[in-house]
file work.txt (compact mmCIF, C-alpha atoms (C1' of nucleotides))
# COMPACT_ATOMS: atom_id res chain seq x y z
CA MET A 8 10.27 -5.22 11.13
CA ARG A 9 12.04 -3.97 8.03
CA LYS A 10 14.87 -5.99 6.61
CA GLU A 11 17.28 -3.35 5.46
CA GLN A 12 19.12 -5.83 3.28
CA SER A 13 16.10 -6.91 1.29
CA THR A 14 15.51 -6.11 -2.35
CA ASN A 15 12.10 -4.89 -1.32
CA TYR A 16 13.61 -2.30 1.00
CA ALA A 17 16.21 -1.25 -1.56
CA ASN A 18 13.52 -0.76 -4.18
CA GLU A 19 11.47 1.37 -1.84
CA GLN A 20 14.50 3.57 -1.22
CA PHE A 21 15.23 3.77 -4.93
CA LEU A 22 11.70 4.93 -5.70
CA SER A 23 11.82 7.53 -2.96
CA GLN A 24 14.88 8.98 -4.58
CA VAL A 25 13.30 9.04 -8.01
CA CYS A 26 10.52 11.20 -6.64
CA GLU A 27 8.92 12.23 -3.37
CA ARG A 28 5.66 11.11 -4.90
CA ASN A 29 6.61 7.56 -4.03
CA SER A 30 7.42 8.22 -0.41
CA ALA A 31 4.29 10.32 -0.11
CA ILE A 32 2.22 7.40 -1.32
CA SER A 33 3.87 5.02 1.07
CA MET A 34 3.03 7.37 3.95
CA ILE A 35 -0.67 7.27 3.25
CA SER A 36 -1.11 3.80 1.89
CA GLY A 37 -1.70 1.80 5.05
CA ARG A 38 -5.05 0.10 5.24
CA TRP A 39 -6.81 2.66 7.48
CA LYS A 40 -4.57 5.70 7.30
CA ALA A 41 -6.35 8.03 4.91
CA GLN A 42 -9.64 7.42 6.63
CA ILE A 43 -8.12 8.07 10.06
CA VAL A 44 -6.65 11.35 8.87
CA TYR A 45 -10.02 12.34 7.52
CA TYR A 46 -11.89 11.48 10.70
CA ILE A 47 -9.42 13.38 12.83
CA TYR A 48 -9.84 16.31 10.49
CA GLU A 49 -13.58 16.10 11.05
CA GLY A 50 -13.13 16.13 14.81
CA SER A 51 -12.97 12.48 15.86
CA ASN A 52 -9.70 13.16 17.51
CA ARG A 53 -9.70 10.69 20.42
CA PHE A 54 -8.77 7.03 20.39
CA ASN A 55 -12.23 5.89 21.36
CA LEU A 56 -13.98 8.25 18.94
CA LEU A 57 -11.96 6.72 16.14
CA GLN A 58 -12.89 3.27 17.35
CA LYS A 59 -16.55 4.22 17.18
CA LYS A 60 -16.14 5.47 13.63
CA LEU A 61 -14.24 2.36 12.61
CA PRO A 62 -15.98 -0.49 14.42
CA LYS A 63 -14.03 -3.14 12.50
CA ILE A 64 -10.61 -1.96 13.54
CA SER A 65 -8.96 -3.55 16.53
CA GLU A 66 -7.30 -1.44 19.18
CA THR A 67 -3.91 -2.84 18.32
CA VAL A 68 -4.25 -1.99 14.67
CA LEU A 69 -5.58 1.49 15.36
CA ALA A 70 -2.72 2.21 17.72
CA ARG A 71 -0.25 1.01 15.14
CA GLN A 72 -1.66 3.15 12.35
CA LEU A 73 -1.70 6.21 14.58
CA LYS A 74 1.88 5.60 15.53
CA GLU A 75 2.95 5.43 11.90
CA LEU A 76 1.07 8.63 11.09
CA GLU A 77 2.85 10.23 14.01
CA LYS A 78 6.20 8.94 12.76
CA HIS A 79 5.59 10.71 9.45
CA ALA A 80 4.61 13.88 11.29
CA ILE A 81 1.13 13.90 9.84
CA LEU A 82 -0.29 14.11 13.34
CA VAL A 83 0.87 14.61 16.89
CA LYS A 84 -0.47 13.48 20.21
CA ALA A 85 -1.52 16.01 22.81
CA GLU A 86 -2.77 15.68 26.34
CA VAL A 87 -6.29 16.79 26.99
CA PRO A 88 -6.05 19.12 30.01
CA GLY A 89 -8.28 18.50 32.97
CA THR A 90 -8.80 14.79 32.44
CA VAL A 91 -7.83 12.09 34.91
CA PRO A 92 -6.20 9.89 33.88
CA THR A 93 -4.77 12.20 31.27
CA GLY A 94 -6.68 11.78 28.04
CA ILE A 95 -4.93 11.99 24.73
CA LYS A 96 -6.10 13.62 21.58
CA TYR A 97 -4.68 13.56 18.09
CA ILE A 98 -4.03 16.74 16.20
CA LEU A 99 -3.15 17.03 12.53
CA THR A 100 0.01 18.99 11.88
CA ASN A 101 0.16 21.49 9.04
CA LYS A 102 1.64 18.64 7.03
CA GLY A 103 -1.41 16.53 7.80
CA LEU A 104 -3.79 19.38 7.05
CA ASP A 105 -2.12 19.96 3.70
CA LEU A 106 -2.83 16.38 2.87
CA VAL A 107 -6.58 16.72 3.33
CA PRO A 108 -7.34 18.48 0.03
CA ILE A 109 -5.24 15.93 -1.82
CA LEU A 110 -7.25 13.16 -0.21
CA GLU A 111 -10.37 14.99 -1.28
CA SER A 112 -9.28 15.07 -4.89
CA LEU A 113 -8.48 11.38 -4.75
CA CYS A 114 -11.93 10.85 -3.37
CA ASP A 115 -13.55 12.80 -6.20
CA TRP A 116 -11.44 11.04 -8.77
CA GLY A 117 -12.51 7.64 -7.46
CA LYS A 118 -16.11 8.72 -7.23
CA ILE A 119 -16.71 10.09 -10.70
CA TYR A 120 -15.36 6.97 -12.37
CA ALA A 121 -17.11 4.64 -9.93
CA GLU A 122 -20.33 6.47 -10.76
CA GLY A 123 -19.97 5.62 -14.40
CA LYS A 124 -18.00 8.39 -16.07
CA GLU A 125 -16.98 7.05 -19.43
CA ILE A 126 -13.45 5.76 -19.71
CA PHE A 127 -11.57 5.82 -22.98
CA ALA A 128 -7.98 5.64 -24.16
CA GLY A 129 -6.19 9.00 -24.18
CA THR A 130 -5.87 11.07 -27.35
CA GLU A 131 -6.80 9.12 -30.46
CA ALA A 132 -4.38 11.40 -32.30
CA GLU A 133 -1.54 9.53 -30.65
CA ASN A 134 -0.02 7.43 -33.43
CA ALA A 135 3.61 7.41 -32.33
CA MET B 8 -4.79 -14.72 -4.58
CA ARG B 9 -7.34 -12.92 -2.44
CA LYS B 10 -9.10 -14.79 0.29
CA GLU B 11 -12.58 -13.42 0.10
CA GLN B 12 -13.39 -14.74 3.56
CA SER B 13 -10.56 -12.98 5.34
CA THR B 14 -10.99 -10.11 7.75
CA ASN B 15 -8.42 -8.27 5.73
CA TYR B 16 -10.56 -8.48 2.61
CA ALA B 17 -13.73 -7.54 4.49
CA ASN B 18 -12.02 -4.49 5.95
CA GLU B 19 -10.85 -3.38 2.55
CA GLN B 20 -14.42 -3.63 1.26
CA PHE B 21 -15.74 -1.77 4.27
CA LEU B 22 -13.33 1.11 3.73
CA SER B 23 -14.21 1.30 0.05
CA GLN B 24 -17.81 1.77 1.03
CA VAL B 25 -17.00 4.46 3.56
CA CYS B 26 -15.40 6.51 0.83
CA GLU B 27 -13.98 6.13 -2.67
CA ARG B 28 -10.86 7.73 -1.29
CA ASN B 29 -9.88 4.37 0.11
CA SER B 30 -10.33 2.42 -3.09
CA ALA B 31 -8.54 5.17 -4.97
CA ILE B 32 -5.58 4.80 -2.68
CA SER B 33 -5.52 1.06 -3.04
CA MET B 34 -5.44 1.46 -6.82
CA ILE B 35 -2.28 3.52 -6.76
CA SER B 36 -0.47 2.10 -3.80
CA GLY B 37 1.45 -0.76 -5.35
CA ARG B 38 5.19 -0.46 -5.06
CA TRP B 39 5.86 0.87 -8.60
CA LYS B 40 2.47 2.00 -9.80
CA ALA B 41 2.58 5.76 -9.43
CA GLN B 42 5.99 5.91 -11.01
CA ILE B 43 4.90 3.72 -13.92
CA VAL B 44 1.89 5.96 -14.55
CA TYR B 45 4.16 8.96 -14.54
CA TYR B 46 6.69 7.47 -16.94
CA ILE B 47 3.97 6.43 -19.36
CA TYR B 48 2.61 9.96 -19.13
CA GLU B 49 6.06 11.23 -20.07
CA GLY B 50 6.23 8.94 -23.06
CA SER B 51 7.94 5.77 -21.87
CA ASN B 52 5.03 3.78 -23.09
CA ARG B 53 6.62 0.49 -24.09
CA PHE B 54 7.50 -2.45 -21.87
CA ASN B 55 11.20 -2.17 -22.57
CA LEU B 56 11.27 1.61 -22.18
CA LEU B 57 9.79 1.19 -18.72
CA GLN B 58 12.40 -1.44 -17.94
CA LYS B 59 15.13 1.02 -18.90
CA LYS B 60 13.63 3.67 -16.63
CA LEU B 61 13.28 1.22 -13.77
CA PRO B 62 16.40 -0.94 -13.91
CA LYS B 63 15.62 -2.58 -10.59
CA ILE B 64 12.26 -3.95 -11.54
CA SER B 65 12.03 -7.49 -12.85
CA GLU B 66 10.00 -8.30 -15.92
CA THR B 67 7.57 -10.34 -13.90
CA VAL B 68 6.92 -7.55 -11.46
CA LEU B 69 6.54 -4.93 -14.18
CA ALA B 70 4.07 -7.10 -16.06
CA ARG B 71 2.09 -7.62 -12.88
CA GLN B 72 1.90 -3.93 -12.03
CA LEU B 73 0.85 -3.06 -15.59
CA LYS B 74 -1.85 -5.68 -15.46
CA GLU B 75 -3.25 -4.26 -12.25
CA LEU B 76 -3.24 -0.73 -13.65
CA GLU B 77 -5.07 -2.09 -16.65
CA LYS B 78 -7.58 -3.83 -14.40
CA HIS B 79 -8.38 -0.49 -12.77
CA ALA B 80 -8.72 1.12 -16.21
CA ILE B 81 -5.92 3.56 -15.56
CA LEU B 82 -4.24 2.41 -18.75
CA VAL B 83 -4.95 0.23 -21.74
CA LYS B 84 -2.76 -1.78 -24.04
CA ALA B 85 -2.65 -1.00 -27.73
CA GLU B 86 -0.87 -2.60 -30.61
CA VAL B 87 1.77 -0.55 -32.33
CA PRO B 88 0.92 -0.72 -36.03
CA GLY B 89 3.60 -1.73 -38.49
CA THR B 90 5.71 -3.77 -36.09
CA VAL B 91 6.45 -7.47 -36.47
CA PRO B 92 5.91 -9.16 -34.16
CA THR B 93 3.20 -6.77 -33.06
CA GLY B 94 4.62 -4.39 -30.49
CA ILE B 95 2.51 -3.24 -27.59
CA LYS B 96 2.29 0.19 -26.10
CA TYR B 97 0.55 1.42 -22.99
CA ILE B 98 -1.79 4.37 -23.13
CA LEU B 99 -3.24 6.21 -20.17
CA THR B 100 -7.00 6.45 -20.23
CA ASN B 101 -8.74 9.68 -19.30
CA LYS B 102 -9.01 8.15 -15.82
CA GLY B 103 -5.25 7.69 -15.75
CA LEU B 104 -4.63 11.18 -17.10
CA ASP B 105 -6.86 12.67 -14.43
CA LEU B 106 -4.69 10.99 -11.87
CA VAL B 107 -1.52 12.72 -13.00
CA PRO B 108 -2.19 16.14 -11.41
CA ILE B 109 -3.10 14.42 -8.15
CA LEU B 110 0.19 12.56 -8.23
CA GLU B 111 1.88 15.87 -8.87
CA SER B 112 0.34 17.43 -5.81
CA LEU B 113 1.38 14.44 -3.73
CA CYS B 114 4.85 14.93 -5.08
CA ASP B 115 4.90 18.59 -4.12
CA TRP B 116 3.49 17.82 -0.72
CA GLY B 117 6.22 15.28 -0.06
CA LYS B 118 8.88 17.57 -1.41
CA ILE B 119 8.22 20.71 0.59
CA TYR B 120 8.26 18.87 3.88
CA ALA B 121 11.23 16.72 2.91
CA GLU B 122 13.07 19.95 2.08
CA GLY B 123 12.60 21.21 5.58
CA LYS B 124 9.34 23.13 5.72
CA GLU B 125 8.53 23.61 9.35
CA ILE B 126 6.01 21.22 10.84
CA PHE B 127 3.82 22.20 13.76
CA ALA B 128 0.62 21.07 15.39
CA GLY B 129 -2.51 22.55 13.79
CA THR B 130 -4.35 25.52 15.29
CA GLU B 131 -3.20 26.33 18.81
CA ALA B 132 -6.67 27.77 19.31
CA GLU B 133 -8.00 24.25 19.42
CA ASN B 134 -8.90 23.62 23.06
CA ALA B 135 -11.79 21.24 22.58
C1' DG C 19 20.45 -23.72 -36.73
C1' DC C 20 21.58 -20.56 -32.69
C1' DA C 21 21.08 -16.43 -30.31
C1' DA C 22 18.54 -12.32 -29.34
C1' DT C 23 14.48 -9.32 -28.55
C1' DA C 24 9.72 -8.02 -26.96
C1' DA C 25 6.34 -9.11 -23.99
C1' DC C 26 4.79 -11.85 -21.44
C1' DT C 27 3.10 -16.30 -17.58
C1' DA C 28 3.33 -19.90 -13.75
C1' DA C 29 5.02 -21.46 -9.62
C1' DC C 30 7.29 -20.57 -5.79
C1' DA C 31 9.92 -18.07 -1.97
C1' DA C 32 10.85 -13.97 0.80
C1' DA C 33 9.26 -10.09 3.10
C1' DA C 34 5.85 -6.90 4.66
C1' DT C 35 1.38 -5.75 6.29
C1' DT C 36 -2.68 -6.75 8.78
C1' DG C 37 -5.24 -9.05 12.31
C1' DT C 38 -5.59 -11.74 16.94
C1' DT C 39 -4.81 -12.79 21.68
C1' DA C 40 -3.48 -11.51 25.89
C1' DG C 41 -1.80 -8.29 29.18
C1' DT C 42 -0.53 -3.46 31.28
C1' DC C 43 -1.54 0.79 34.22
C1' DG C 44 -3.95 4.07 37.01
C1' DA C 45 -8.39 5.84 38.45
C1' DC C 46 -12.99 5.66 39.36
C1' DA C 47 -17.75 3.19 39.98
C1' DA C 48 -20.70 -0.44 42.11
C1' DT D 20 -12.67 -5.68 45.35
C1' DT D 21 -14.08 -6.80 41.22
C1' DG D 22 -15.13 -4.47 37.04
C1' DT D 23 -14.62 -0.96 33.60
C1' DC D 24 -12.53 2.63 30.75
C1' DG D 25 -8.93 4.82 27.98
C1' DA D 26 -4.91 4.12 25.73
C1' DC D 27 -1.97 1.56 24.86
C1' DT D 28 2.26 -2.80 23.93
C1' DA D 29 4.29 -7.49 22.86
C1' DA D 30 4.19 -11.69 20.58
C1' DC D 31 2.43 -14.32 17.25
C1' DA D 32 -0.45 -15.93 13.19
C1' DA D 33 -2.85 -15.08 8.81
C1' DT D 34 -2.84 -12.80 4.61
C1' DT D 35 -1.03 -10.10 1.04
C1' DT D 36 2.53 -8.11 -1.61
C1' DT D 37 6.89 -8.28 -3.72
C1' DG D 38 10.67 -10.61 -5.78
C1' DT D 39 12.96 -14.87 -8.13
C1' DT D 40 13.51 -18.58 -11.32
C1' DA D 41 12.43 -20.63 -15.27
C1' DG D 42 9.75 -21.05 -18.91
C1' DT D 43 6.83 -19.37 -23.65
C1' DT D 44 6.00 -17.46 -28.64
C1' DA D 45 7.12 -15.47 -32.78
C1' DT D 46 10.56 -13.28 -35.67
C1' DT D 47 14.64 -11.31 -37.32
C1' DG D 48 19.89 -11.24 -37.59
C1' DC D 49 24.22 -13.99 -38.05
call {"tool": "encode", "arguments": {"input": "work.txt", "output": "structure tokens"}}
result
Amino acid sequence: MRKEQSTNYANEQFLSQVCERNSAISMISGRWKAQIVYYIYEGSNRFNLLQKKLPKISETVLARQLKELEKHAILVKAEVPGTVPTGIKYILTNKGLDLVPILESLCDWGKIYAEGKEIFAGTEAENA
Amino acid sequence: MRKEQSTNYANEQFLSQVCERNSAISMISGRWKAQIVYYIYEGSNRFNLLQKKLPKISETVLARQLKELEKHAILVKAEVPGTVPTGIKYILTNKGLDLVPILESLCDWGKIYAEGKEIFAGTEAENA
DNA sequence: GCAATAACTAACAAAATTGTTAGTCGACAA
DNA sequence: TTGTCGACTAACAATTTTGTTAGTTATTGC
């Protein structure tokens, strides 16, 4: 998948070293990831529940996104006891849970400006 | 650039309508964007200052990222008075400034887990 | 006149992400 | 026994993002 000799890859590494901010963003910036985290947080913690919430996503893509979230330890898989065949649910780790309020502030940030909050250039006193 | 008939585009639109969170993430998820916002915030507000901070970025790519940030009203361009030919500086808007603390919390989030904070599955009491 | 600097753009190529098609496996239901 | 469900995977194609190469414009310094 990743070409470890590419400039693209090297630049990603470089940015991660400049600040964790950049790796954090790359962890949550897949097409469906933030929304998946949020739905799991709200209780849609099974594969098929997520599919119902996201009717446009294909199974393949959902599985892939979940796997990447698992790779970054934002969630883990757990067996649902007493189901045959064994069902699987997704549980946010503490790392994933800590992300939720940050996603909420991003949400608010997007919302207030989308709803028409005035935008202007920073301090006018800035004549450097 | 964008194919407005693609599934990919439709899915992006769909997610934006589910929650502003998703459009917010797409605004900041370009390779260099968060870091550029941060450097401008810290005072590296000229094209060439940003190039010095990010030696690996090419001019073309930097110009492209700045243009996208401008499109999302996170920053604006301003002429630097008294320079010939007219210099240009980048100023964060209030929208861009509001983003900074969110980027800081993402940074902290990334950092504490990268530094070894223990990760475990959410509440064990969750037997749903 | 020749090179250099600041701040770009266009066209193209490389790489990465996203989406599609098809198939798996075990258990139950009709 | 054919079909369905839940939870996937592999291979491939479409789309998007990122990076590269080669310009541009105006002006000052040599």
call {"tool": "residues_around", "arguments": {"input": "work.txt", "residues": "range 34-38 of chain D", "least_positions_apart": "6", "cutoff": "8 Å", "atoms": "all atoms listed in the file", "output": "ChimeraX atom specification"}}
result
/A:14-15 /B:9-10,13,15,65,68 /C:32-36
call {"tool": "residues_around", "arguments": {"input": "work.txt", "residues": "DA29 in chain C", "least_positions_apart": "6", "cutoff": "12 Å", "atoms": "only C-alpha atoms (C1' of nucleotides)", "output": "ChimeraX atom specification"}}
result
/D:39-42
call {"tool": "write_last_selection", "arguments": {"input": "work.txt", "atoms": "C-alpha atoms (C1' of nucleotides)", "output": "mmCIF file, keeping the file's coordinate frame"}}
result
data_model
loop_
_atom_site.group_PDB
_atom_site.id
_atom_site.type_symbol
_atom_site.label_atom_id
_atom_site.label_comp_id
_atom_site.auth_asym_id
_atom_site.auth_seq_id
_atom_site.Cartn_x
_atom_site.Cartn_y
_atom_site.Cartn_z
ATOM 1 C "C1'" DT D 39 12.960 -14.870 -8.130
ATOM 2 C "C1'" DT D 40 13.510 -18.580 -11.320
ATOM 3 C "C1'" DA D 41 12.430 -20.630 -15.270
ATOM 4 C "C1'" DG D 42 9.750 -21.050 -18.910
#
call {"tool": "interface_residues", "arguments": {"input": "work.txt", "of": "chain C", "to": "chain B", "cutoff": "10 Å", "atoms": "all atoms listed in the file", "output": "ChimeraX atom specification"}}
result
/C:23-27,36-37
call {"tool": "residues_around", "arguments": {"input": "work.txt", "residues": "range 75-90 of chain A", "least_positions_apart": "4", "cutoff": "6 Å", "atoms": "all atoms listed in the file", "output": "list in words"}}
result
Gly94, Ile95, Lys96, Tyr97, Ile98, Leu99, Thr100, Lys102 and Gly103 of chain A
call {"tool": "closest_atom_pairs", "arguments": {"input": "work.txt", "of": "chain D", "to": "chain A", "cutoff": "10 Å", "atoms": "all atoms listed in the file", "output": "Markdown table"}}
result
| residue | atom | partner | partner_atom | distance |
| --- | --- | --- | --- | --- |
| D:DC24 | C1' | A:Asn55 | CA | 9.9 |
| D:DG25 | C1' | A:Gly94 | CA | 7.3 |
| D:DA26 | C1' | A:Phe54 | CA | 7.2 |
| D:DC27 | C1' | A:Ala70 | CA | 7.2 |
| D:DT28 | C1' | A:Thr67 | CA | 8.3 |
| D:DT37 | C1' | A:Asn15 | CA | 6.7 |
| D:DG38 | C1' | A:Asn15 | CA | 7.4 |
call {"tool": "closest_atom_pairs", "arguments": {"input": "work.txt", "of": "chain B", "to": "chain A", "cutoff": "8 Å", "atoms": "all atoms listed in the file", "output": "CSV"}}
result
residue,atom,partner,partner_atom,distance
B:Asn18,CA,A:Lys63,CA,7.0
B:Glu19,CA,A:Arg38,CA,7.3
B:Leu22,CA,A:Trp39,CA,7.7
B:Cys26,CA,A:Cys114,CA,7.0
B:Glu27,CA,A:Cys114,CA,5.2
B:Arg28,CA,A:Cys114,CA,3.9
B:Asn29,CA,A:Ala41,CA,7.0
B:Ser30,CA,A:Gly117,CA,7.1
B:Ala31,CA,A:Gly117,CA,5.3
B:Ile32,CA,A:Ser36,CA,6.5
B:Ser33,CA,A:Ser36,CA,7.2
B:Ser36,CA,A:Ser36,CA,6.0
B:Arg38,CA,A:Glu19,CA,7.3
B:Trp39,CA,A:Leu22,CA,7.7
B:Ala41,CA,A:Asn29,CA,7.0
B:Gln42,CA,A:Asn29,CA,7.2
B:Lys63,CA,A:Asn18,CA,7.0
B:Ala80,CA,A:Ile126,CA,7.5
B:Leu82,CA,A:Ala128,CA,7.3
B:Val83,CA,A:Ala128,CA,6.7
B:Ile98,CA,A:Ala128,CA,6.4
B:Leu99,CA,A:Gly129,CA,5.7
B:Thr100,CA,A:Ala128,CA,4.1
B:Asn101,CA,A:Gly129,CA,5.5
B:Lys102,CA,A:Ile126,CA,6.4
B:Leu104,CA,A:Gly129,CA,7.6
B:Asp105,CA,A:Trp116,CA,7.5
B:Leu106,CA,A:Trp116,CA,7.4
B:Ile109,CA,A:Ile109,CA,6.9
B:Leu110,CA,A:Arg28,CA,6.6
B:Glu111,CA,A:Arg28,CA,7.3
B:Ser112,CA,A:Ile109,CA,7.0
B:Leu113,CA,A:Arg28,CA,5.5
B:Cys114,CA,A:Arg28,CA,3.9
B:Asp115,CA,A:Arg28,CA,7.6
B:Trp116,CA,A:Leu106,CA,7.4
B:Gly117,CA,A:Glu27,CA,5.2
B:Lys118,CA,A:Glu27,CA,5.7
B:Tyr120,CA,A:Lys102,CA,7.3
B:Ile126,CA,A:Asn101,CA,6.1
B:Phe127,CA,A:Thr100,CA,5.3
B:Ala128,CA,A:Thr100,CA,4.1
B:Gly129,CA,A:Thr100,CA,4.8
call {"tool": "write_last_selection", "arguments": {"input": "work.txt", "atoms": "C-alpha atoms", "output": "PDB file, in the frame of the given file"}}
result
ATOM      1  CA  ASN B  18     -12.020  -4.490   5.950  1.00  0.00           C
ATOM      2  CA  GLU B  19     -10.850  -3.380   2.550  1.00  0.00           C
ATOM      3  CA  LEU B  22     -13.330   1.110   3.730  1.00  0.00           C
ATOM      4  CA  CYS B  26     -15.400   6.510   0.830  1.00  0.00           C
ATOM      5  CA  GLU B  27     -13.980   6.130  -2.670  1.00  0.00           C
ATOM      6  CA  ARG B  28     -10.860   7.730  -1.290  1.00  0.00           C
ATOM      7  CA  ASN B  29      -9.880   4.370   0.110  1.00  0.00           C
ATOM      8  CA  SER B  30     -10.330   2.420  -3.090  1.00  0.00           C
ATOM      9  CA  ALA B  31      -8.540   5.170  -4.970  1.00  0.00           C
ATOM     10  CA  ILE B  32      -5.580   4.800  -2.680  1.00  0.00           C
ATOM     11  CA  SER B  33      -5.520   1.060  -3.040  1.00  0.00           C
ATOM     12  CA  SER B  36      -0.470   2.100  -3.800  1.00  0.00           C
ATOM     13  CA  ARG B  38       5.190  -0.460  -5.060  1.00  0.00           C
ATOM     14  CA  TRP B  39       5.860   0.870  -8.600  1.00  0.00           C
ATOM     15  CA  ALA B  41       2.580   5.760  -9.430  1.00  0.00           C
ATOM     16  CA  GLN B  42       5.990   5.910 -11.010  1.00  0.00           C
ATOM     17  CA  LYS B  63      15.620  -2.580 -10.590  1.00  0.00           C
ATOM     18  CA  ALA B  80      -8.720   1.120 -16.210  1.00  0.00           C
ATOM     19  CA  LEU B  82      -4.240   2.410 -18.750  1.00  0.00           C
ATOM     20  CA  VAL B  83      -4.950   0.230 -21.740  1.00  0.00           C
ATOM     21  CA  ILE B  98      -1.790   4.370 -23.130  1.00  0.00           C
ATOM     22  CA  LEU B  99      -3.240   6.210 -20.170  1.00  0.00           C
ATOM     23  CA  THR B 100      -7.000   6.450 -20.230  1.00  0.00           C
ATOM     24  CA  ASN B 101      -8.740   9.680 -19.300  1.00  0.00           C
ATOM     25  CA  LYS B 102      -9.010   8.150 -15.820  1.00  0.00           C
ATOM     26  CA  LEU B 104      -4.630  11.180 -17.100  1.00  0.00           C
ATOM     27  CA  ASP B 105      -6.860  12.670 -14.430  1.00  0.00           C
ATOM     28  CA  LEU B 106      -4.690  10.990 -11.870  1.00  0.00           C
ATOM     29  CA  ILE B 109      -3.100  14.420  -8.150  1.00  0.00           C
ATOM     30  CA  LEU B 110       0.190  12.560  -8.230  1.00  0.00           C
ATOM     31  CA  GLU B 111       1.880  15.870  -8.870  1.00  0.00           C
ATOM     32  CA  SER B 112       0.340  17.430  -5.810  1.00  0.00           C
ATOM     33  CA  LEU B 113       1.380  14.440  -3.730  1.00  0.00           C
ATOM     34  CA  CYS B 114       4.850  14.930  -5.080  1.00  0.00           C
ATOM     35  CA  ASP B 115       4.900  18.590  -4.120  1.00  0.00           C
ATOM     36  CA  TRP B 116       3.490  17.820  -0.720  1.00  0.00           C
ATOM     37  CA  GLY B 117       6.220  15.280  -0.060  1.00  0.00           C
ATOM     38  CA  LYS B 118       8.880  17.570  -1.410  1.00  0.00           C
ATOM     39  CA  TYR B 120       8.260  18.870   3.880  1.00  0.00           C
ATOM     40  CA  ILE B 126       6.010  21.220  10.840  1.00  0.00           C
ATOM     41  CA  PHE B 127       3.820  22.200  13.760  1.00  0.00           C
ATOM     42  CA  ALA B 128       0.620  21.070  15.390  1.00  0.00           C
ATOM     43  CA  GLY B 129      -2.510  22.550  13.790  1.00  0.00           C
TER      44      GLY B 129
END
call {"tool": "atom_distance", "arguments": {"input": "work.txt", "atom1": "CA of Pro62 in chain A", "atom2": "C1' of DA45 in chain C"}}
result
26.0 Å
call {"tool": "atom_distance", "arguments": {"input": "work.txt", "atom1": "CA of Gln24 in chain A", "atom2": "CA of Gln58 in chain B"}}
result
17.1 Å
call {"tool": "atom_distance", "arguments": {"input": "work.txt", "atom1": "C1' of DT21 in chain D", "atom2": "C1' of DC46 in chain C"}}
result
12.6 Å
call {"tool": "axis_aligned_box", "arguments": {"input": "work.txt", "around": "range 24-42 of chain D", "padding_each_side": "3 Å", "output": "AutoDock Vina command-line options"}}
result
--center_x 0.5 --center_y -8.1 --center_z 5.9 --size_x 32.0 --size_y 31.9 --size_z 55.7
call {"tool": "build_atoms", "arguments": {"input": "work.txt", "residues": "range 72-81 of chain A", "atoms": "N, CA, C and O atoms", "output": "tab-separated table (two decimals), in the frame of the given file"}}
result
chain	number	residue	atom	x	y	z
A	72	GLN	N	-1.50	2.19	13.44
A	72	GLN	CA	-1.66	3.15	12.35
A	72	GLN	C	-1.40	4.57	12.85
A	72	GLN	O	-0.76	5.37	12.17
A	73	LEU	N	-1.92	4.87	14.03
A	73	LEU	CA	-1.70	6.21	14.58
A	73	LEU	C	-0.21	6.47	14.80
A	73	LEU	O	0.29	7.56	14.53
A	74	LYS	N	0.46	5.44	15.28
A	74	LYS	CA	1.88	5.60	15.53
A	74	LYS	C	2.66	5.88	14.25
A	74	LYS	O	3.57	6.70	14.22
A	75	GLU	N	2.26	5.20	13.18
A	75	GLU	CA	2.95	5.43	11.90
A	75	GLU	C	2.65	6.83	11.36
A	75	GLU	O	3.54	7.49	10.83
A	76	LEU	N	1.41	7.27	11.53
A	76	LEU	CA	1.07	8.63	11.09
A	76	LEU	C	1.86	9.65	11.89
A	76	LEU	O	2.30	10.68	11.36
A	77	GLU	N	2.06	9.34	13.16
A	77	GLU	CA	2.85	10.23	14.01
A	77	GLU	C	4.31	10.23	13.56
A	77	GLU	O	4.95	11.28	13.51
A	78	LYS	N	4.81	9.06	13.22
A	78	LYS	CA	6.20	8.94	12.76
A	78	LYS	C	6.45	9.81	11.52
A	78	LYS	O	7.51	10.42	11.38
A	79	HIS	N	5.44	9.90	10.66
A	79	HIS	CA	5.59	10.71	9.45
A	79	HIS	C	5.17	12.15	9.68
A	79	HIS	O	5.01	12.91	8.73
A	80	ALA	N	4.93	12.51	10.92
A	80	ALA	CA	4.61	13.88	11.29
A	80	ALA	C	3.32	14.40	10.66
A	80	ALA	O	3.16	15.59	10.44
A	81	ILE	N	2.42	13.48	10.38
A	81	ILE	CA	1.13	13.90	9.84
A	81	ILE	C	0.21	14.30	10.99
A	81	ILE	O	-0.65	15.14	10.85
